[in-house]
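S.K.: Please find one structure pasted underneath; my questions will follow.
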Amino acid sequence: MTAVSSFDTLPLGPELLQGLRKRGFRTPTPIQELVIPEVAKGGDLIVQAQTGSGKTLAFGLPLLDQVPVDEKAPTTLVVAPTRELAKQIKTELASVLATLPRLVVAASGGEGLEKQIKALERGAHLVVGTPGRLNDLVKRGALNLKHVRTLVLDEADEILAKGFGEELNQLVERMPAQRQTLLFSATMPAAVQRLADATLRKPQRLKVKEAPTTPLEIDHFALEVTDETRLGALMAWLEAERPFMAMVFCRTRTETEWLAEQLSDKGFENEYLSGELSQNKRSQILERFRSGDLPLLICTDLAARGLDVAGVTHVVHYTVPTTLETYIHRSGRTGRAGRKGVALTLVAPQERRNLHAIQKTVELKGWHGLKVEGLPRIKGPQASTARRSPSKAEPTRGRAGTKRR
């Protein structure tokens with residue numbers, strides 16, 4: 001296969017190429033280079049690839065490029081095993097749309113059903129969800145599958161492992177027989193092969209051997225906390241480690257703004273970066289960070305990709321990422337250009353399951369330079385509704401663990 005130098009050489013429209021450039025994506029991953037042209041051809045595919053390989057954009061980009069069959073009913077249905085993965089897929093695809101007029105809707109348990117019904121009523125080109133919730137929406141008449149041209153089974157081995165085989169069959173029965181089906185799976189046990197035999201037509205098989213890894217220059221650490229000692233542990237770590245340029249990643253905008261405010265109140269100079277900020281404000285904050293005037297940047301996952309800031313010495317996962325891919329992209333903001341870097345993950349007991357998936361790829365060491373006993377107990381962001389306006393504090397040069405005086 002000829003090497004691809006950029007996304008521009010792949011069969012993608014100008015709006016998506018613009019969206020990729022805004023996100024900072026320049027070169028496709030191996031799975032994207034392999035899969036995007038094949039999806040665009042319209043045939044069925046079985047793709048064996050690990051989580052973290054970039055498969056969401058591999059199937060999502062060419063499917064978003066398709067002209068919708070109907071403005072109110074989805075052209076593409078993506079089935080995922082967990083609501084966390086469904087939300088991640090939705091966020092990832094929506095972030096590269098730029099000016100492309102497509103609507104992406106996530107439908108899974110754990111969120112209000114009526115909210116999802118209203119979102120579908122507004123129209124959706126692509127719907128991603130878990131089998132149980134998708135079937136519920138179909139039975140209520142809120143989700144119309146008669147115009148689905150492409151069905152994506154993401155992490156098919158996990159879908160079956162979680163016992164969703166019957167729900168998946170019910171969805172398939174309600175779709176047009178003439179469609180494209182894309183099956184992605186890290187492993188190919190007999191159950192997945194039987195699913196493929198029953199669902200796909202003369203599929204082409206593609207395999208990506210290796211998922212991306214973090215640079216070898218990064219040392220990975222984990223620190224055990226509780227939800228109420230998490231903030232205290234972070235502040236104690238900042239004081240002890242005194243990182244020169246650090247990025248702290250949170251799951252949500254609310255958590256990001258809350259954490260930035262809490263750290264500012266304790267004297268730690270920082271700014272937060274989230275999707276709601278204007279492009280001008282984002283640019284100002286990033287310029288301060290790149291120049292060294294801002295030692296600590298609090299981010300949502302939207303900032304995990306596309307940011308190439310030289311000199312980042314430390315990355316902190318304030319909560320454990322739900323996927324290996326997220327961990328890799330966050331951690332990869334440090335250890336660049338051959339420089340050493342540190343990635344620290346704060347782990348509460350209920351997050352250990354997510355940590356196990358990361359440990360299969362990354363060696364996590366315990367952080368022994370900090371005693372967590374006696375840390376202050378502080379409730380999470382739900383306890384604070386105040387929002388801090390970014391860039392109010394005067395910039396302070398120095399390390400992220402140095403408090404303002």
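Simple scheme: letters A, B, ... for chains in structure tokens order, numbers from 1 for residues in each chain, numbers from 1 for ligands in the order shown.
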Segment 95-306 of chain A: which residues are strand (DSSP E or B) by DSSP, as an MDAnalysis selection string?
M.R.: chainID A and resid 104:107 126:129 150:153 180:185 204:207 218:224 246:249 268 271:273 296:299
S.K.: Excluding Leu344 of chain A and any residue of its chain fewer than 4 positions from it, enumerate the residues within 9 Å of it, using only C-alpha atoms, and give them as a short mmCIF file (atom, residue, chain, number, x, y, z; two decimals) with N, CA and C atoms, in the first residue's frame.
M.R.:
data_model
loop_
_atom_site.label_atom_id
_atom_site.label_comp_id
_atom_site.auth_asym_id
_atom_site.auth_seq_id
_atom_site.Cartn_x
_atom_site.Cartn_y
_atom_site.Cartn_z
N ASP A 219 6.88 8.47 31.43
CA ASP A 219 6.73 7.62 32.60
C ASP A 219 5.29 7.73 33.08
N HIS A 220 4.64 6.60 33.31
CA HIS A 220 3.22 6.56 33.66
C HIS A 220 3.05 6.19 35.14
N PHE A 221 2.24 6.99 35.84
CA PHE A 221 2.01 6.77 37.25
C PHE A 221 0.51 6.78 37.55
N ALA A 222 0.14 6.11 38.64
CA ALA A 222 -1.24 6.14 39.13
C ALA A 222 -1.21 6.43 40.62
N LEU A 223 -2.17 7.22 41.07
CA LEU A 223 -2.28 7.58 42.48
C LEU A 223 -3.70 7.27 42.94
N HIS A 314 4.18 17.53 31.89
CA HIS A 314 3.33 16.62 32.67
C HIS A 314 1.90 16.64 32.12
N VAL A 315 1.27 15.49 32.15
CA VAL A 315 -0.16 15.35 31.86
C VAL A 315 -0.81 14.66 33.05
N VAL A 316 -1.96 15.19 33.48
CA VAL A 316 -2.71 14.59 34.59
C VAL A 316 -4.09 14.19 34.08
N HIS A 317 -4.45 12.95 34.34
CA HIS A 317 -5.82 12.48 34.10
C HIS A 317 -6.56 12.64 35.42
N TYR A 318 -7.38 13.70 35.52
CA TYR A 318 -8.06 13.98 36.78
C TYR A 318 -9.02 12.86 37.16
N SER A 331 -2.22 11.51 27.03
CA SER A 331 -0.84 11.36 27.50
C SER A 331 0.16 11.80 26.45
N LEU A 364 1.83 1.08 34.43
CA LEU A 364 1.53 2.14 35.39
C LEU A 364 2.25 1.86 36.71
N TRP A 367 2.56 6.02 42.53
CA TRP A 367 3.23 7.28 42.87
C TRP A 367 3.55 7.24 44.36
#
S.K.: Do you know which residues are at most 12 Å from segment 124-126 of chain A counting only C-alpha atoms, after dropping those on the same chain fewer than 6 positions away, and could you put them as an MDAnalysis selection string?
M.R.: chainID A and resid 59:79 86 89:90 93:94 97 100:107 116:118 142:145 147:152
S.K.: Okay, now the selection with N, CA and C atoms, as a compact mmCIF listing (two decimals), in the first residue's frame?
M.R.:
# COMPACT_ATOMS: atom_id res chain seq x y z
N PHE A 59 -14.30 4.77 10.15
CA PHE A 59 -15.61 4.50 9.57
C PHE A 59 -16.47 5.76 9.50
N GLY A 60 -16.27 6.68 10.45
CA GLY A 60 -17.15 7.84 10.54
C GLY A 60 -16.97 8.86 9.43
N LEU A 61 -15.74 9.14 9.05
CA LEU A 61 -15.52 10.19 8.05
C LEU A 61 -16.19 9.88 6.71
N PRO A 62 -15.98 8.72 6.12
CA PRO A 62 -16.65 8.47 4.82
C PRO A 62 -18.16 8.37 4.94
N LEU A 63 -18.68 7.95 6.10
CA LEU A 63 -20.13 7.85 6.27
C LEU A 63 -20.76 9.23 6.45
N LEU A 64 -20.08 10.12 7.15
CA LEU A 64 -20.58 11.49 7.27
C LEU A 64 -20.59 12.20 5.92
N ASP A 65 -19.70 11.80 5.05
CA ASP A 65 -19.61 12.43 3.73
C ASP A 65 -20.77 12.06 2.82
N GLN A 66 -21.48 10.99 3.16
CA GLN A 66 -22.60 10.56 2.32
C GLN A 66 -23.77 11.53 2.41
N VAL A 67 -24.44 11.75 1.30
CA VAL A 67 -25.62 12.60 1.28
C VAL A 67 -26.77 11.87 1.97
N PRO A 68 -27.45 12.49 2.94
CA PRO A 68 -28.53 11.81 3.65
C PRO A 68 -29.65 11.34 2.72
N VAL A 69 -30.20 10.17 3.02
CA VAL A 69 -31.35 9.67 2.26
C VAL A 69 -32.60 10.45 2.64
N ASP A 70 -32.72 10.74 3.94
CA ASP A 70 -33.88 11.45 4.47
C ASP A 70 -33.40 12.38 5.58
N GLU A 71 -33.91 13.60 5.62
CA GLU A 71 -33.44 14.57 6.59
C GLU A 71 -33.86 14.24 8.02
N LYS A 72 -34.90 13.43 8.18
CA LYS A 72 -35.41 13.13 9.51
C LYS A 72 -35.03 11.75 10.02
N ALA A 73 -34.58 10.86 9.14
CA ALA A 73 -34.24 9.49 9.53
C ALA A 73 -32.77 9.23 9.25
N PRO A 74 -32.10 8.44 10.09
CA PRO A 74 -30.67 8.23 9.93
C PRO A 74 -30.31 7.43 8.68
N THR A 75 -29.21 7.82 8.08
CA THR A 75 -28.63 7.06 6.98
C THR A 75 -27.64 6.03 7.52
N THR A 76 -27.06 6.32 8.68
CA THR A 76 -26.09 5.42 9.31
C THR A 76 -26.50 5.13 10.74
N LEU A 77 -26.41 3.85 11.14
CA LEU A 77 -26.64 3.45 12.52
C LEU A 77 -25.36 2.79 13.05
N VAL A 78 -24.86 3.30 14.15
CA VAL A 78 -23.67 2.73 14.80
C VAL A 78 -24.11 2.11 16.12
N VAL A 79 -23.81 0.84 16.31
CA VAL A 79 -24.16 0.13 17.53
C VAL A 79 -22.89 -0.07 18.34
N ALA A 86 -20.54 5.09 23.11
CA ALA A 86 -21.49 5.78 22.23
C ALA A 86 -21.32 7.28 22.32
N ILE A 89 -18.04 8.31 20.56
CA ILE A 89 -18.16 8.30 19.10
C ILE A 89 -18.90 9.55 18.63
N LYS A 90 -20.00 9.87 19.30
CA LYS A 90 -20.76 11.06 18.93
C LYS A 90 -19.92 12.32 19.03
N LEU A 93 -17.12 12.41 16.21
CA LEU A 93 -17.61 12.70 14.87
C LEU A 93 -18.13 14.13 14.76
N ALA A 94 -18.84 14.59 15.78
CA ALA A 94 -19.36 15.96 15.74
C ALA A 94 -18.24 16.99 15.70
N LEU A 97 -17.05 17.99 11.96
CA LEU A 97 -18.04 18.33 10.94
C LEU A 97 -17.77 19.66 10.27
N LEU A 100 -20.08 21.09 7.54
CA LEU A 100 -20.89 20.04 6.92
C LEU A 100 -22.22 19.91 7.67
N PRO A 101 -23.36 20.04 6.97
CA PRO A 101 -24.67 20.02 7.63
C PRO A 101 -25.12 18.60 7.97
N ARG A 102 -24.52 18.03 9.01
CA ARG A 102 -24.90 16.69 9.45
C ARG A 102 -25.23 16.75 10.94
N LEU A 103 -26.19 15.96 11.36
CA LEU A 103 -26.55 15.85 12.78
C LEU A 103 -26.20 14.46 13.27
N VAL A 104 -25.48 14.41 14.40
CA VAL A 104 -25.10 13.14 15.02
C VAL A 104 -25.78 13.07 16.38
N VAL A 105 -26.50 11.98 16.65
CA VAL A 105 -27.25 11.83 17.89
C VAL A 105 -26.80 10.56 18.60
N ALA A 106 -26.56 10.67 19.90
CA ALA A 106 -26.23 9.51 20.72
C ALA A 106 -27.47 9.07 21.48
N ALA A 107 -27.71 7.77 21.53
CA ALA A 107 -28.90 7.23 22.20
C ALA A 107 -28.49 6.03 23.04
N GLN A 116 -33.60 12.31 24.25
CA GLN A 116 -33.11 11.66 23.04
C GLN A 116 -34.19 11.61 21.96
N ILE A 117 -35.45 11.44 22.38
CA ILE A 117 -36.55 11.45 21.41
C ILE A 117 -36.64 12.81 20.73
N LYS A 118 -36.51 13.90 21.50
CA LYS A 118 -36.56 15.24 20.92
C LYS A 118 -35.41 15.47 19.95
N ALA A 142 -39.85 6.41 17.68
CA ALA A 142 -39.00 7.61 17.65
C ALA A 142 -37.81 7.45 16.73
N LEU A 143 -37.43 6.20 16.43
CA LEU A 143 -36.27 5.94 15.59
C LEU A 143 -36.70 5.13 14.37
N ASN A 144 -36.53 5.70 13.20
CA ASN A 144 -36.93 5.09 11.95
C ASN A 144 -35.69 4.52 11.26
N LEU A 145 -35.67 3.21 11.04
CA LEU A 145 -34.50 2.56 10.47
C LEU A 145 -34.66 2.20 8.99
N HIS A 147 -34.41 3.88 6.33
CA HIS A 147 -33.50 4.52 5.38
C HIS A 147 -32.03 4.27 5.69
N VAL A 148 -31.76 3.36 6.63
CA VAL A 148 -30.37 3.07 6.99
C VAL A 148 -29.66 2.40 5.82
N ARG A 149 -28.60 3.03 5.36
CA ARG A 149 -27.79 2.45 4.28
C ARG A 149 -26.55 1.74 4.81
N THR A 150 -26.10 2.14 6.01
CA THR A 150 -24.89 1.53 6.59
C THR A 150 -25.11 1.23 8.06
N LEU A 151 -24.81 -0.01 8.46
CA LEU A 151 -24.83 -0.43 9.84
C LEU A 151 -23.40 -0.67 10.29
N VAL A 152 -23.01 -0.04 11.40
CA VAL A 152 -21.68 -0.23 11.95
C VAL A 152 -21.80 -0.94 13.29
S.K.: Hey, can you check how far atom CA of Gln262 of chain A sits from atom CA of Asn280 of chain A?
M.R.: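 Between atom CA of Gln262 of chain A and atom CA of Asn280 of chain A the gap is 24.4 Å.
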S.K.: Which of these residues is nearest to Ile358 of chain A, using only C-alpha atoms: A:Asp301, A:Lys202, A:Leu324, A:Arg377?
M.R.: A:Leu324
S.K.: Check the smallest atom-to-atom distance from each of A:Ala49, A:Leu16, A:Val347, A:Ala161 to Val208 of chain A using only C-alpha atoms, then report the winner.
M.R.: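 Result for the nearest residue to Val208 of chain A: A:Ala49.
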